[in-house]
file upload_13.txt (compact mmCIF, C-alpha atoms)
# COMPACT_ATOMS: atom_id res chain seq x y z
CA MET A 1 -147.13 -158.61 -118.92
CA SER A 2 -146.28 -156.92 -122.28
CA ALA A 3 -146.96 -153.92 -122.42
CA ILE A 4 -147.12 -153.83 -124.15
CA LEU A 5 -148.01 -152.23 -127.29
CA SER A 6 -150.41 -154.30 -125.56
CA PRO A 7 -153.41 -155.28 -127.65
CA SER A 8 -155.35 -152.46 -126.18
CA LEU A 9 -153.27 -149.68 -127.72
CA ALA A 10 -154.97 -150.64 -130.95
CA ARG A 11 -158.20 -149.37 -129.43
CA ARG A 12 -156.62 -145.94 -129.02
CA LEU A 13 -155.85 -145.88 -132.75
CA PRO A 14 -159.10 -145.68 -134.69
CA LEU A 15 -157.70 -147.74 -137.53
CA ARG A 16 -159.84 -150.47 -139.01
CA VAL A 17 -157.26 -152.88 -140.27
CA ALA A 18 -158.46 -155.48 -142.71
CA VAL A 19 -155.19 -157.41 -142.74
CA PRO A 20 -154.52 -159.26 -139.46
CA ALA A 21 -150.78 -158.93 -139.88
CA LEU A 22 -151.04 -155.13 -139.89
CA ALA A 23 -153.16 -155.21 -136.77
CA ALA A 24 -150.35 -157.18 -135.15
CA LEU A 25 -148.06 -154.19 -135.67
CA LEU A 26 -149.90 -152.43 -132.88
CA LEU A 27 -149.86 -155.33 -130.47
CA ALA A 28 -146.26 -155.67 -129.43
CA SER A 29 -146.66 -155.32 -125.70
CA CYS A 30 -148.89 -153.69 -123.63
CA ALA A 31 -148.42 -152.29 -123.00
CA SER A 32 -149.46 -154.39 -123.75
CA MET A 33 -151.36 -157.54 -121.90
CA ARG A 34 -152.35 -160.77 -123.52
CA ALA A 35 -151.44 -163.48 -121.08
CA ASP A 36 -149.55 -165.50 -123.67
CA GLU A 37 -147.58 -162.49 -124.92
CA VAL A 38 -146.58 -160.44 -121.94
CA ASP A 39 -147.24 -162.13 -118.63
CA PRO A 40 -144.24 -164.08 -117.34
CA VAL A 41 -146.23 -165.47 -114.42
CA VAL A 42 -148.31 -167.70 -116.67
CA THR A 43 -147.69 -171.36 -115.99
CA ASN A 44 -144.95 -172.48 -118.38
CA ALA A 45 -147.00 -175.33 -119.80
CA ILE A 46 -149.83 -172.97 -120.70
CA ALA A 47 -147.62 -170.16 -121.96
CA GLY A 48 -145.78 -172.58 -124.21
CA ALA A 49 -148.85 -174.38 -125.46
CA THR A 50 -149.41 -174.39 -129.19
CA ALA A 51 -152.79 -173.80 -130.78
CA THR A 52 -153.25 -177.55 -131.10
CA ASP A 53 -152.41 -178.07 -127.41
CA LEU A 54 -154.90 -175.53 -126.13
CA PRO A 55 -158.10 -177.62 -126.47
CA ALA A 56 -156.52 -180.34 -124.35
CA ALA A 57 -155.35 -177.77 -121.81
CA GLU A 58 -158.82 -176.26 -121.71
CA SER A 59 -160.44 -179.63 -121.15
CA TYR A 60 -158.01 -180.46 -118.35
CA TRP A 61 -158.29 -177.18 -116.44
CA GLN A 62 -162.02 -176.85 -117.05
CA GLY A 63 -162.45 -180.25 -115.42
CA ARG A 64 -160.20 -179.31 -112.51
CA TYR A 65 -162.00 -175.99 -112.04
CA ALA A 66 -165.46 -177.56 -112.24
CA ALA A 67 -164.46 -180.12 -109.61
CA ASP A 68 -162.92 -177.56 -107.24
CA PRO A 69 -163.49 -173.89 -108.20
CA ALA A 70 -162.23 -172.80 -104.77
CA ASN A 71 -158.75 -174.11 -105.57
CA ARG A 72 -156.46 -171.21 -106.33
CA ASP A 73 -154.34 -172.92 -109.00
CA ASN A 74 -157.38 -174.36 -110.77
CA ALA A 75 -158.89 -170.90 -111.11
CA TYR A 76 -155.68 -169.19 -112.16
CA ASN A 77 -154.65 -171.76 -114.76
CA TYR A 78 -158.15 -172.14 -116.18
CA ALA A 79 -158.34 -168.36 -116.62
CA GLN A 80 -154.97 -168.33 -118.41
CA VAL A 81 -156.16 -170.99 -120.85
CA LEU A 82 -159.33 -168.99 -121.49
CA LEU A 83 -157.24 -165.90 -122.21
CA ARG A 84 -155.14 -167.86 -124.67
CA LEU A 85 -158.37 -168.90 -126.38
CA ASP A 86 -159.61 -165.26 -126.49
CA ARG A 87 -162.59 -166.10 -124.29
CA LEU A 88 -162.12 -162.87 -122.43
CA SER A 89 -165.46 -162.43 -120.67
CA GLN A 90 -165.30 -165.94 -119.26
CA ALA A 91 -161.69 -165.46 -118.11
CA ILE A 92 -162.65 -162.21 -116.40
CA ALA A 93 -165.51 -163.94 -114.59
CA VAL A 94 -163.19 -166.68 -113.33
CA LEU A 95 -160.57 -164.17 -112.20
CA GLN A 96 -163.13 -161.92 -110.55
CA ARG A 97 -164.36 -164.82 -108.47
CA ALA A 98 -160.77 -165.78 -107.66
CA THR A 99 -159.90 -162.27 -106.45
CA LEU A 100 -162.82 -162.42 -104.04
CA ALA A 101 -161.63 -165.78 -102.75
CA PHE A 102 -157.96 -164.75 -102.59
CA PRO A 103 -157.95 -160.97 -102.04
CA GLU A 104 -154.26 -160.90 -101.04
CA ASP A 105 -153.01 -162.93 -104.01
CA ARG A 106 -151.06 -160.42 -106.13
CA GLU A 107 -150.63 -162.84 -109.02
CA ILE A 108 -154.36 -163.33 -109.40
CA MET A 109 -155.01 -159.61 -108.96
CA ALA A 110 -152.45 -158.81 -111.65
CA ALA A 111 -154.00 -161.27 -114.07
CA TYR A 112 -157.45 -159.85 -113.37
CA GLY A 113 -156.32 -156.28 -113.90
CA LYS A 114 -154.59 -157.10 -117.18
CA ALA A 115 -157.68 -158.95 -118.41
CA LEU A 116 -159.88 -155.95 -117.55
CA ALA A 117 -157.51 -153.67 -119.45
CA ARG A 118 -157.59 -155.98 -122.42
CA ASN A 119 -161.38 -155.71 -122.30
CA GLY A 120 -161.25 -151.90 -122.31
CA ASP A 121 -162.34 -151.46 -118.68
CA PHE A 122 -159.47 -149.09 -117.94
CA THR A 123 -160.80 -147.53 -114.74
CA ASN A 124 -161.21 -150.81 -112.91
CA ALA A 125 -158.07 -152.24 -114.48
CA LEU A 126 -155.97 -149.39 -113.10
CA THR A 127 -157.42 -149.88 -109.63
CA ILE A 128 -156.69 -153.60 -109.62
CA ILE A 129 -153.22 -153.32 -111.16
CA ARG A 130 -152.20 -150.66 -108.66
CA ARG A 131 -153.46 -152.85 -105.83
CA ALA A 132 -151.43 -155.75 -107.18
CA GLN A 133 -148.23 -153.71 -107.33
CA ASP A 134 -145.75 -153.88 -104.46
CA PRO A 135 -144.11 -150.43 -104.27
CA THR A 136 -141.22 -151.86 -102.25
CA LEU A 137 -140.37 -154.34 -105.02
CA PRO A 138 -142.07 -153.12 -108.21
CA ASP A 139 -143.05 -155.62 -110.89
CA TRP A 140 -142.05 -154.26 -114.30
CA THR A 141 -144.88 -156.09 -116.03
CA LEU A 142 -147.41 -154.25 -113.86
CA LEU A 143 -145.67 -150.93 -114.51
CA ALA A 144 -145.92 -151.66 -118.23
CA ALA A 145 -149.57 -152.62 -117.95
CA GLU A 146 -150.37 -149.42 -116.05
CA ALA A 147 -148.42 -147.36 -118.59
CA ALA A 148 -150.31 -148.92 -121.47
CA ILE A 149 -153.64 -148.03 -119.88
CA LEU A 150 -152.51 -144.44 -119.27
CA ASP A 151 -151.42 -144.18 -122.90
CA GLN A 152 -154.86 -145.29 -123.98
CA THR A 153 -156.58 -142.78 -121.73
CA GLY A 154 -154.40 -139.92 -122.99
CA ASP A 155 -151.97 -139.50 -120.08
CA HIS A 156 -148.89 -140.03 -122.23
CA ALA A 157 -146.50 -138.13 -119.96
CA GLN A 158 -147.20 -140.34 -116.95
CA ALA A 159 -147.21 -143.44 -119.14
CA ARG A 160 -143.68 -142.66 -120.30
CA ILE A 161 -142.50 -142.14 -116.74
CA LEU A 162 -143.75 -145.63 -115.89
CA TYR A 163 -142.16 -147.14 -119.00
CA GLY A 164 -138.89 -145.54 -117.85
CA GLU A 165 -139.25 -147.08 -114.40
CA ALA A 166 -139.98 -150.47 -115.94
CA ILE A 167 -136.93 -150.16 -118.21
CA GLN A 168 -134.73 -149.46 -115.18
CA ILE A 169 -135.88 -152.77 -113.71
CA ALA A 170 -135.73 -154.77 -116.98
CA PRO A 171 -133.34 -152.89 -119.30
CA GLY A 172 -133.06 -155.78 -121.72
CA GLU A 173 -136.80 -156.20 -122.29
CA ALA A 174 -137.51 -155.15 -125.88
CA SER A 175 -141.27 -154.99 -125.38
CA LEU A 176 -140.86 -152.04 -123.02
CA TYR A 177 -138.96 -149.98 -125.58
CA SER A 178 -141.45 -151.06 -128.22
CA ASN A 179 -144.38 -149.87 -126.12
CA LEU A 180 -142.60 -146.61 -125.40
CA GLY A 181 -141.98 -146.16 -129.11
CA MET A 182 -145.62 -146.71 -129.91
CA SER A 183 -146.53 -144.22 -127.20
CA TYR A 184 -144.64 -141.64 -129.23
CA VAL A 185 -146.63 -142.69 -132.30
CA LEU A 186 -149.82 -141.74 -130.49
CA THR A 187 -148.60 -138.16 -130.13
CA GLY A 188 -147.13 -137.93 -133.64
CA GLN A 189 -143.48 -137.96 -132.50
CA LEU A 190 -142.33 -140.30 -135.22
CA ASP A 191 -138.61 -139.50 -134.98
CA LEU A 192 -138.58 -140.44 -131.31
CA ALA A 193 -140.74 -143.47 -132.07
CA GLU A 194 -138.28 -144.69 -134.70
CA GLN A 195 -135.26 -144.17 -132.45
CA THR A 196 -136.91 -146.06 -129.60
CA LEU A 197 -138.13 -148.90 -131.80
CA ARG A 198 -134.71 -149.31 -133.41
CA ARG A 199 -133.28 -149.68 -129.93
CA ALA A 200 -135.96 -152.26 -129.15
CA ALA A 201 -135.29 -154.18 -132.36
CA ALA A 202 -131.56 -154.36 -131.56
CA LEU A 203 -132.13 -156.16 -128.26
CA PRO A 204 -131.82 -159.96 -128.07
CA THR A 205 -135.35 -160.16 -126.66
CA ALA A 206 -136.90 -158.46 -129.70
CA ASP A 207 -139.49 -160.55 -131.51
CA SER A 208 -141.50 -160.21 -134.68
CA ARG A 209 -144.00 -157.82 -133.11
CA VAL A 210 -141.24 -155.35 -132.23
CA ARG A 211 -139.84 -155.37 -135.75
CA GLN A 212 -143.29 -155.02 -137.26
CA ASN A 213 -143.91 -151.97 -135.08
CA LEU A 214 -140.70 -150.48 -136.47
CA ALA A 215 -141.91 -151.22 -140.01
CA LEU A 216 -145.17 -149.46 -139.21
CA VAL A 217 -143.41 -146.32 -137.99
CA LEU A 218 -141.23 -146.21 -141.09
CA GLY A 219 -144.34 -146.56 -143.23
CA LEU A 220 -146.04 -143.75 -141.35
CA GLN A 221 -143.11 -141.54 -142.35
CA GLY A 222 -143.62 -142.47 -145.99
CA ARG A 223 -140.48 -144.62 -146.09
CA PHE A 224 -142.26 -147.53 -147.65
CA GLU A 225 -139.21 -149.27 -149.10
CA ASP A 226 -137.52 -149.39 -145.67
CA ALA A 227 -140.77 -150.51 -144.05
CA GLU A 228 -141.36 -153.18 -146.65
CA ALA A 229 -137.82 -154.53 -146.26
CA ILE A 230 -138.44 -155.12 -142.56
CA ALA A 231 -141.97 -156.42 -143.13
CA ARG A 232 -140.72 -158.97 -145.65
CA GLN A 233 -138.40 -160.40 -143.01
CA GLU A 234 -141.34 -161.03 -140.70
CA LEU A 235 -144.31 -161.74 -142.99
CA SER A 236 -145.13 -163.64 -146.11
CA PRO A 237 -144.67 -161.64 -149.34
CA GLN A 238 -148.45 -161.42 -149.72
CA GLN A 239 -148.92 -160.09 -146.17
CA ALA A 240 -146.09 -157.58 -146.56
CA GLU A 241 -147.51 -156.27 -149.81
CA ALA A 242 -151.00 -156.03 -148.34
CA ASN A 243 -149.68 -154.11 -145.33
CA MET A 244 -147.81 -151.61 -147.47
CA ALA A 245 -150.81 -151.15 -149.74
CA TYR A 246 -153.00 -150.46 -146.71
CA LEU A 247 -150.57 -147.93 -145.29
CA ARG A 248 -150.26 -146.11 -148.60
CA ALA A 249 -154.02 -145.93 -148.97
CA MET A 250 -154.55 -144.80 -145.40
CA LEU A 251 -151.87 -142.11 -145.50
CA GLY A 252 -153.17 -140.87 -148.83
CA SER A 253 -156.40 -139.75 -147.21
CA ASN A 254 -156.84 -136.24 -145.84
CA ASP A 255 -157.67 -137.40 -142.33
CA ALA A 256 -154.80 -139.84 -141.96
CA TRP A 257 -153.37 -138.33 -138.78
CA THR A 258 -156.81 -137.90 -137.29
CA ARG A 259 -157.48 -141.59 -137.77
CA LEU A 260 -154.06 -142.49 -136.39
CA THR A 261 -154.07 -140.36 -133.25
CA GLY A 262 -157.74 -139.78 -132.62
CA ALA A 263 -156.99 -136.07 -132.57
call {"tool": "encode", "arguments": {"input": "upload_13.txt", "output": "structure tokens"}}
result
Amino acid sequence: MSAILSPSLARRLPLRVAVPALAALLLASCASMRADEVDPVVTNAIAGATATDLPAAESYWQGRYAADPANRDNAYNYAQVLLRLDRLSQAIAVLQRATLAFPEDREIMAAYGKALARNGDFTNALTIIRRAQDPTLPDWTLLAAEAAILDQTGDHAQARILYGEAIQIAPGEASLYSNLGMSYVLTGQLDLAEQTLRRAAALPTADSRVRQNLALVLGLQGRFEDAEAIARQELSPQQAEANMAYLRAMLGSNDAWTRLTGA
């Protein structure tokens, strides 16, 4: 999983971002939970598929699933392709059926829970993810997914405990620090957010999403030159300029923090 931020943390922030690149600043995990971004159990061929490969993958697994929907691998892999294609409701339907057929399969349960969380069904997602977790050998991706959901439902203290547990298991995973940093954003603790995101960005596993989250936090502090310098390393000049313009306009309004934190 990624937790994390997972795509769903964006739902907790009532921003309406017109520029897709700025929206990506909030999607570094989760927390967050897109199968292609944060779930290491996805079949390698699917996880590594490019946008041009996906239609072929869909055709292949759709055919396999149609021929034998009771086959565990057909269901799991078809659902992962659907998630990559953002066909969330269909993926959830496939995974729901698979969990009924394979109620002890933790991998399928985990994928189902993450998909529910991505769809905003946090109550059921928590139930499924907790069922999928093995307390004797915790899976850090499930801890991160649970933490992301708790962040989105306002239980930030417990979310941070779970991020800490996940970090103990996977101390080199930048997405965990990134999600933790964005958790601090949700409660207005920008100094802590910056410190945590700088630590994330320094790790070898850091990717563009992590660095864009750091740029966002710097922008939220009014340090637009620093934010823009990082953004320009990750985005086209036009995207970077559009992001900074959006942030300036948003933070110039009287209800900026209300729109950021939902307070």
call {"tool": "atom_distance", "arguments": {"input": "upload_13.txt", "atom1": "CA of Ala75 in chain A", "atom2": "CA of Ala57 in chain A"}}
result
13.2 Å
call {"tool": "residues_around", "arguments": {"input": "upload_13.txt", "residues": "Gly172 in chain A", "least_positions_apart": "4", "cutoff": "9 Å", "atoms": "all atoms listed in the file", "output": "PDB file with C-alpha atoms, keeping the file's coordinate frame"}}
result
ATOM      1  CA  ILE A 167    -136.930-150.160-118.210  1.00  0.00           C
ATOM      2  CA  LEU A 176    -140.860-152.040-123.020  1.00  0.00           C
ATOM      3  CA  ALA A 200    -135.960-152.260-129.150  1.00  0.00           C
ATOM      4  CA  LEU A 203    -132.130-156.160-128.260  1.00  0.00           C
ATOM      5  CA  PRO A 204    -131.820-159.960-128.070  1.00  0.00           C
ATOM      6  CA  THR A 205    -135.350-160.160-126.660  1.00  0.00           C
TER       7      THR A 205
END
call {"tool": "residues_around", "arguments": {"input": "upload_13.txt", "residues": "Ala206 in chain A", "least_positions_apart": "4", "cutoff": "10 Å", "atoms": "only C-alpha atoms", "output": "VMD selection string"}}
result
chain A and resid 28 172 to 175 177 to 178 197 199 to 202 210 to 211
call {"tool": "residues_around", "arguments": {"input": "upload_13.txt", "residues": "Glu107 in chain A", "least_positions_apart": "3", "cutoff": "12 Å", "atoms": "all atoms listed in the file", "output": "PyMOL selection string"}}
result
chain A and resi 1+39-43+72-73+75-77+80+95+98-99+102-104+110-114+128-129+131-134+139+141-142
call {"tool": "residues_around", "arguments": {"input": "upload_13.txt", "residues": "Ile92 in chain A", "least_positions_apart": "2", "cutoff": "7 Å", "atoms": "only C-alpha atoms", "output": "list of chain:residue names"}}
result
A:Leu88, A:Ser89, A:Gln90, A:Val94, A:Leu95, A:Gln96, A:Tyr112, A:Ala115, A:Leu116
call {"tool": "atom_distance", "arguments": {"input": "upload_13.txt", "atom1": "CA of Tyr246 in chain A", "atom2": "CA of Ala148 in chain A"}}
result
25.4 Å
call {"tool": "residues_near_point", "arguments": {"input": "upload_13.txt", "point": "(-147.7, -153.5, -143.3)", "cutoff": "8 Å", "atoms": "only C-alpha atoms", "output": "mmCIF file with C-alpha atoms, in the coordinates of the input"}}
result
data_model
loop_
_atom_site.group_PDB
_atom_site.id
_atom_site.type_symbol
_atom_site.label_atom_id
_atom_site.label_comp_id
_atom_site.auth_asym_id
_atom_site.auth_seq_id
_atom_site.Cartn_x
_atom_site.Cartn_y
_atom_site.Cartn_z
ATOM 1 C CA ALA A 21 -150.780 -158.930 -139.880
ATOM 2 C CA LEU A 22 -151.040 -155.130 -139.890
ATOM 3 C CA LEU A 25 -148.060 -154.190 -135.670
ATOM 4 C CA GLN A 212 -143.290 -155.020 -137.260
ATOM 5 C CA ALA A 215 -141.910 -151.220 -140.010
ATOM 6 C CA LEU A 216 -145.170 -149.460 -139.210
ATOM 7 C CA GLY A 219 -144.340 -146.560 -143.230
ATOM 8 C CA ALA A 227 -140.770 -150.510 -144.050
ATOM 9 C CA GLU A 228 -141.360 -153.180 -146.650
ATOM 10 C CA ALA A 231 -141.970 -156.420 -143.130
ATOM 11 C CA GLN A 239 -148.920 -160.090 -146.170
ATOM 12 C CA ALA A 240 -146.090 -157.580 -146.560
ATOM 13 C CA GLU A 241 -147.510 -156.270 -149.810
ATOM 14 C CA ALA A 242 -151.000 -156.030 -148.340
ATOM 15 C CA ASN A 243 -149.680 -154.110 -145.330
ATOM 16 C CA MET A 244 -147.810 -151.610 -147.470
ATOM 17 C CA ALA A 245 -150.810 -151.150 -149.740
ATOM 18 C CA TYR A 246 -153.000 -150.460 -146.710
ATOM 19 C CA LEU A 247 -150.570 -147.930 -145.290
#
call {"tool": "decode", "arguments": {"input": "upload_13.txt", "residues": "range 144-252 of chain A", "atoms": "C-alpha atoms", "output": "PDB file, in the first residue's frame"}}
result
ATOM      1  CA  ALA A 144      -0.324   2.678   6.562  1.00  0.00           C
ATOM      2  CA  ALA A 145      -3.706   2.125   4.954  1.00  0.00           C
ATOM      3  CA  GLU A 146      -5.420   2.019   8.355  1.00  0.00           C
ATOM      4  CA  ALA A 147      -3.550   5.148   9.446  1.00  0.00           C
ATOM      5  CA  ALA A 148      -4.620   7.014   6.329  1.00  0.00           C
ATOM      6  CA  ILE A 149      -8.264   6.181   6.984  1.00  0.00           C
ATOM      7  CA  LEU A 150      -7.989   7.313  10.608  1.00  0.00           C
ATOM      8  CA  ASP A 151      -6.428  10.582   9.451  1.00  0.00           C
ATOM      9  CA  GLN A 152      -9.366  11.135   7.157  1.00  0.00           C
ATOM     10  CA  THR A 153     -11.878  10.435   9.901  1.00  0.00           C
ATOM     11  CA  GLY A 154     -10.152  12.822  12.314  1.00  0.00           C
ATOM     12  CA  ASP A 155      -8.332  10.370  14.603  1.00  0.00           C
ATOM     13  CA  HIS A 156      -4.911  11.876  13.936  1.00  0.00           C
ATOM     14  CA  ALA A 157      -3.330  10.700  17.190  1.00  0.00           C
ATOM     15  CA  GLN A 158      -4.033   7.029  16.495  1.00  0.00           C
ATOM     16  CA  ALA A 159      -3.086   7.461  12.848  1.00  0.00           C
ATOM     17  CA  ARG A 160       0.361   8.707  13.874  1.00  0.00           C
ATOM     18  CA  ILE A 161       0.846   5.788  16.232  1.00  0.00           C
ATOM     19  CA  LEU A 162       0.202   3.429  13.320  1.00  0.00           C
ATOM     20  CA  TYR A 163       2.526   5.365  11.013  1.00  0.00           C
ATOM     21  CA  GLY A 164       5.188   4.985  13.722  1.00  0.00           C
ATOM     22  CA  GLU A 165       4.617   1.236  13.885  1.00  0.00           C
ATOM     23  CA  ALA A 166       4.831   0.998  10.101  1.00  0.00           C
ATOM     24  CA  ILE A 167       8.070   3.010  10.092  1.00  0.00           C
ATOM     25  CA  GLN A 168       9.584   0.604  12.620  1.00  0.00           C
ATOM     26  CA  ILE A 169       8.908  -2.228  10.170  1.00  0.00           C
ATOM     27  CA  ALA A 170       9.956  -0.327   7.015  1.00  0.00           C
ATOM     28  CA  PRO A 171      12.258   2.513   8.160  1.00  0.00           C
ATOM     29  CA  GLY A 172      13.482   3.236   4.655  1.00  0.00           C
ATOM     30  CA  GLU A 173      10.034   3.690   3.109  1.00  0.00           C
ATOM     31  CA  ALA A 174       9.693   7.367   2.191  1.00  0.00           C
ATOM     32  CA  SER A 175       5.943   7.163   1.614  1.00  0.00           C
ATOM     33  CA  LEU A 176       5.385   6.483   5.317  1.00  0.00           C
ATOM     34  CA  TYR A 177       7.205   9.645   6.386  1.00  0.00           C
ATOM     35  CA  SER A 178       5.418  11.541   3.639  1.00  0.00           C
ATOM     36  CA  ASN A 179       2.024  10.390   4.880  1.00  0.00           C
ATOM     37  CA  LEU A 180       2.980  11.251   8.443  1.00  0.00           C
ATOM     38  CA  GLY A 181       4.064  14.687   7.293  1.00  0.00           C
ATOM     39  CA  MET A 182       0.772  15.276   5.547  1.00  0.00           C
ATOM     40  CA  SER A 183      -1.027  14.129   8.689  1.00  0.00           C
ATOM     41  CA  TYR A 184       0.603  17.075  10.438  1.00  0.00           C
ATOM     42  CA  VAL A 185      -0.640  19.345   7.648  1.00  0.00           C
ATOM     43  CA  LEU A 186      -4.189  18.341   8.483  1.00  0.00           C
ATOM     44  CA  THR A 187      -3.783  19.686  12.010  1.00  0.00           C
ATOM     45  CA  GLY A 188      -1.870  22.813  10.976  1.00  0.00           C
ATOM     46  CA  GLN A 189       1.490  21.656  12.384  1.00  0.00           C
ATOM     47  CA  LEU A 190       3.494  22.875   9.435  1.00  0.00           C
ATOM     48  CA  ASP A 191       6.895  22.890  11.153  1.00  0.00           C
ATOM     49  CA  LEU A 192       6.544  19.214  12.026  1.00  0.00           C
ATOM     50  CA  ALA A 193       5.179  18.527   8.551  1.00  0.00           C
ATOM     51  CA  GLU A 194       8.214  20.146   6.931  1.00  0.00           C
ATOM     52  CA  GLN A 195      10.685  18.294   9.154  1.00  0.00           C
ATOM     53  CA  THR A 196       9.026  14.957   8.420  1.00  0.00           C
ATOM     54  CA  LEU A 197       8.750  15.585   4.688  1.00  0.00           C
ATOM     55  CA  ARG A 198      12.387  16.659   4.456  1.00  0.00           C
ATOM     56  CA  ARG A 199      13.309  13.367   6.079  1.00  0.00           C
ATOM     57  CA  ALA A 200      11.119  11.557   3.563  1.00  0.00           C
ATOM     58  CA  ALA A 201      12.646  13.430   0.625  1.00  0.00           C
ATOM     59  CA  ALA A 202      16.164  12.490   1.765  1.00  0.00           C
ATOM     60  CA  LEU A 203      15.469   8.755   1.589  1.00  0.00           C
ATOM     61  CA  PRO A 204      16.495   6.760  -1.495  1.00  0.00           C
ATOM     62  CA  THR A 205      12.902   5.564  -1.903  1.00  0.00           C
ATOM     63  CA  ALA A 206      11.531   9.108  -2.221  1.00  0.00           C
ATOM     64  CA  ASP A 207       9.724   9.800  -5.478  1.00  0.00           C
ATOM     65  CA  SER A 208       8.197  12.827  -7.134  1.00  0.00           C
ATOM     66  CA  ARG A 209       5.060  12.695  -4.996  1.00  0.00           C
ATOM     67  CA  VAL A 210       7.104  12.997  -1.798  1.00  0.00           C
ATOM     68  CA  ARG A 211       9.004  16.014  -3.064  1.00  0.00           C
ATOM     69  CA  GLN A 212       5.826  17.647  -4.320  1.00  0.00           C
ATOM     70  CA  ASN A 213       4.284  17.224  -0.877  1.00  0.00           C
ATOM     71  CA  LEU A 214       7.303  19.026   0.566  1.00  0.00           C
ATOM     72  CA  ALA A 215       6.830  21.821  -1.975  1.00  0.00           C
ATOM     73  CA  LEU A 216       3.196  22.095  -0.924  1.00  0.00           C
ATOM     74  CA  VAL A 217       4.079  22.457   2.760  1.00  0.00           C
ATOM     75  CA  LEU A 218       6.655  25.143   1.984  1.00  0.00           C
ATOM     76  CA  GLY A 219       4.042  26.975  -0.060  1.00  0.00           C
ATOM     77  CA  LEU A 220       1.545  26.750   2.769  1.00  0.00           C
ATOM     78  CA  GLN A 221       4.091  28.558   4.931  1.00  0.00           C
ATOM     79  CA  GLY A 222       4.346  31.326   2.358  1.00  0.00           C
ATOM     80  CA  ARG A 223       7.832  30.258   1.260  1.00  0.00           C
ATOM     81  CA  PHE A 224       6.927  30.305  -2.389  1.00  0.00           C
ATOM     82  CA  GLU A 225      10.458  30.619  -3.767  1.00  0.00           C
ATOM     83  CA  ASP A 226      11.581  27.485  -1.897  1.00  0.00           C
ATOM     84  CA  ALA A 227       8.411  25.662  -2.922  1.00  0.00           C
ATOM     85  CA  GLU A 228       8.778  26.682  -6.534  1.00  0.00           C
ATOM     86  CA  ALA A 229      12.413  25.553  -6.626  1.00  0.00           C
ATOM     87  CA  ILE A 230      11.356  22.053  -5.608  1.00  0.00           C
ATOM     88  CA  ALA A 231       8.291  22.070  -7.850  1.00  0.00           C
ATOM     89  CA  ARG A 232      10.397  23.008 -10.871  1.00  0.00           C
ATOM     90  CA  GLN A 233      12.528  19.910 -10.312  1.00  0.00           C
ATOM     91  CA  GLU A 234       9.448  17.711 -10.538  1.00  0.00           C
ATOM     92  CA  LEU A 235       7.076  19.502 -12.922  1.00  0.00           C
ATOM     93  CA  SER A 236       7.145  21.354 -16.174  1.00  0.00           C
ATOM     94  CA  PRO A 237       7.690  25.130 -15.820  1.00  0.00           C
ATOM     95  CA  GLN A 238       4.045  25.717 -16.747  1.00  0.00           C
ATOM     96  CA  GLN A 239       2.777  23.264 -14.112  1.00  0.00           C
ATOM     97  CA  ALA A 240       5.065  24.689 -11.437  1.00  0.00           C
ATOM     98  CA  GLU A 241       3.932  28.232 -12.149  1.00  0.00           C
ATOM     99  CA  ALA A 242       0.283  27.194 -12.150  1.00  0.00           C
ATOM    100  CA  ASN A 243       0.715  25.418  -8.805  1.00  0.00           C
ATOM    101  CA  MET A 244       2.349  28.415  -7.179  1.00  0.00           C
ATOM    102  CA  ALA A 245      -0.297  30.753  -8.565  1.00  0.00           C
ATOM    103  CA  TYR A 246      -3.018  28.517  -7.144  1.00  0.00           C
ATOM    104  CA  LEU A 247      -1.392  28.385  -3.728  1.00  0.00           C
ATOM    105  CA  ARG A 248      -0.951  32.146  -3.597  1.00  0.00           C
ATOM    106  CA  ALA A 249      -4.567  32.716  -4.554  1.00  0.00           C
ATOM    107  CA  MET A 250      -5.851  30.140  -2.093  1.00  0.00           C
ATOM    108  CA  LEU A 251      -3.785  31.406   0.830  1.00  0.00           C
ATOM    109  CA  GLY A 252      -4.771  34.976   0.048  1.00  0.00           C
TER     110      GLY A 252
END
